[in-house]
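A short write-up of the structure that comes next.
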Number of protein chains: 2
Amino acid sequence: MTKKKPALSWDGRIWIKTQDGKFIGKGRIELMEKIKAYGSIRQAALAMQMSYRQAWQLIDDMNTKATTALVISNRGGKGGGKATVTPEGERIIKQFHAFNKKFQKLLQQPVADFIF
Amino acid sequence: MTKKKPALSWDGRIWIKTQDGKFIGKGRIELMEKIKAYGSIRQAALAMQMSYRQAWQLIDDMNTKATTALVISNRGGKGGGKATVTPEGERIIKQFHAFNKKFQKLLQQPVADFIF
């Protein structure tokens, strides 16, 4: 019996939580980055293949949980308003990436492949 | 406007993957540990509040992907057969815990709480 030998490696995900559970993970970080890039929630949602409604709810949830808004959006006007990531939002993004870098480094550790 | 200040912390999950994706995570490790403790897939499934069928499928998937069985089960007989975690299974369990310990340590790093 010979099976194809699969290479084993570590994988995982990280997120920031509050007492109420998951707060900000990879998806919300990416959403904020897209908002920063496009200046628009609608464009950011499109780029992430999610609905405007869903993107807006994610942002609303973050802003509600935080005491400082992470994304500010001026709704209304033709074509929708301008959206901005606040300095606090940018610091969360940076912090997430810095920690994720350490995490990705940890995931590089080999898995002893004695079972394949 | 005063909101309750939520304490921020890191959280996450890890698993072992192959080229085909997720292979063994926390749930499968726990299942193997229960099988080791009870000597029975049925009892282990019960302890984990999953169906026997579900537990059996998880084990079958692991054993099929590995070239060495991680759990051996003698089906049949009154009350079902005896199930055993193989030495290879035990080594995977140990390895998972060792790596998870490092991961949990990393998760202890503080989240800079500038937004709350």
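Naming works like this for the structure tokens: A, B, ... for the chains as they're shown, residue 1 at the start of each chain, ligands 1 onward in shown order.
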task: If you run DSSP over the backbone, which residues in chain A end up strand (DSSP E)? Put them as a PyMOL selection string.
output: chain A and resi 9-18+21-25+71-73+83-85
Between chain B and chain A, at 7 Å or less, what are the per-residue closest atom pairs and their distances in Å? Count only C-alpha atoms, order by chain and rising residue number, and return it as JSON lines.
```
{"residue": "B:Lys3", "atom": "CA", "partner": "A:Thr67", "partner_atom": "CA", "distance": 6.3}
{"residue": "B:Pro6", "atom": "CA", "partner": "A:Thr18", "partner_atom": "CA", "distance": 5.5}
{"residue": "B:Ala7", "atom": "CA", "partner": "A:Thr18", "partner_atom": "CA", "distance": 5.5}
{"residue": "B:Leu8", "atom": "CA", "partner": "A:Thr18", "partner_atom": "CA", "distance": 4.9}
{"residue": "B:Ser9", "atom": "CA", "partner": "A:Lys17", "partner_atom": "CA", "distance": 5.4}
{"residue": "B:Trp10", "atom": "CA", "partner": "A:Ile16", "partner_atom": "CA", "distance": 4.7}
{"residue": "B:Asp11", "atom": "CA", "partner": "A:Trp15", "partner_atom": "CA", "distance": 5.4}
{"residue": "B:Gly12", "atom": "CA", "partner": "A:Ile14", "partner_atom": "CA", "distance": 4.0}
{"residue": "B:Arg13", "atom": "CA", "partner": "A:Gly12", "partner_atom": "CA", "distance": 5.3}
{"residue": "B:Ile14", "atom": "CA", "partner": "A:Gly12", "partner_atom": "CA", "distance": 4.0}
{"residue": "B:Trp15", "atom": "CA", "partner": "A:Asp11", "partner_atom": "CA", "distance": 5.4}
{"residue": "B:Ile16", "atom": "CA", "partner": "A:Trp10", "partner_atom": "CA", "distance": 4.7}
{"residue": "B:Lys17", "atom": "CA", "partner": "A:Ser9", "partner_atom": "CA", "distance": 5.4}
{"residue": "B:Thr18", "atom": "CA", "partner": "A:Leu8", "partner_atom": "CA", "distance": 4.8}
{"residue": "B:Gln19", "atom": "CA", "partner": "A:Pro6", "partner_atom": "CA", "distance": 6.3}
{"residue": "B:Ala66", "atom": "CA", "partner": "A:Phe116", "partner_atom": "CA", "distance": 5.5}
{"residue": "B:Thr67", "atom": "CA", "partner": "A:Phe116", "partner_atom": "CA", "distance": 5.0}
{"residue": "B:Thr68", "atom": "CA", "partner": "A:Ile115", "partner_atom": "CA", "distance": 5.6}
{"residue": "B:Glu88", "atom": "CA", "partner": "A:Ile115", "partner_atom": "CA", "distance": 6.0}
{"residue": "B:Ile115", "atom": "CA", "partner": "A:Thr68", "partner_atom": "CA", "distance": 5.6}
{"residue": "B:Phe116", "atom": "CA", "partner": "A:Thr67", "partner_atom": "CA", "distance": 5.0}
```
task: Can you list, as a ChimeraX atom specification, all residues belonging to range 15-108 of chain A that DSSP tags as alpha helix (DSSP H)?
output: /A:26-38,41-47,52-65,87-107
statement: Closest of B:Ala98, B:Gln108, B:Ala45, B:Val71 to Val85 in chain B, counting only C-alpha atoms, is B:Val71
- prompt: By how many Å are CA of Ser73 in chain A and CA of Asn100 in chain A apart?
  reply: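 Distance reported for this atom pair: 27.4 Å.
Going from CA of Thr84 in chain A over to CA of Gly39 in chain A, you cover 5.9 Å.
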query: If you measure from CA of Ile41 in chain B to CA of Thr86 in chain B, what distance in Å do you get, rounded to one decimal?
result: 13.8 Å
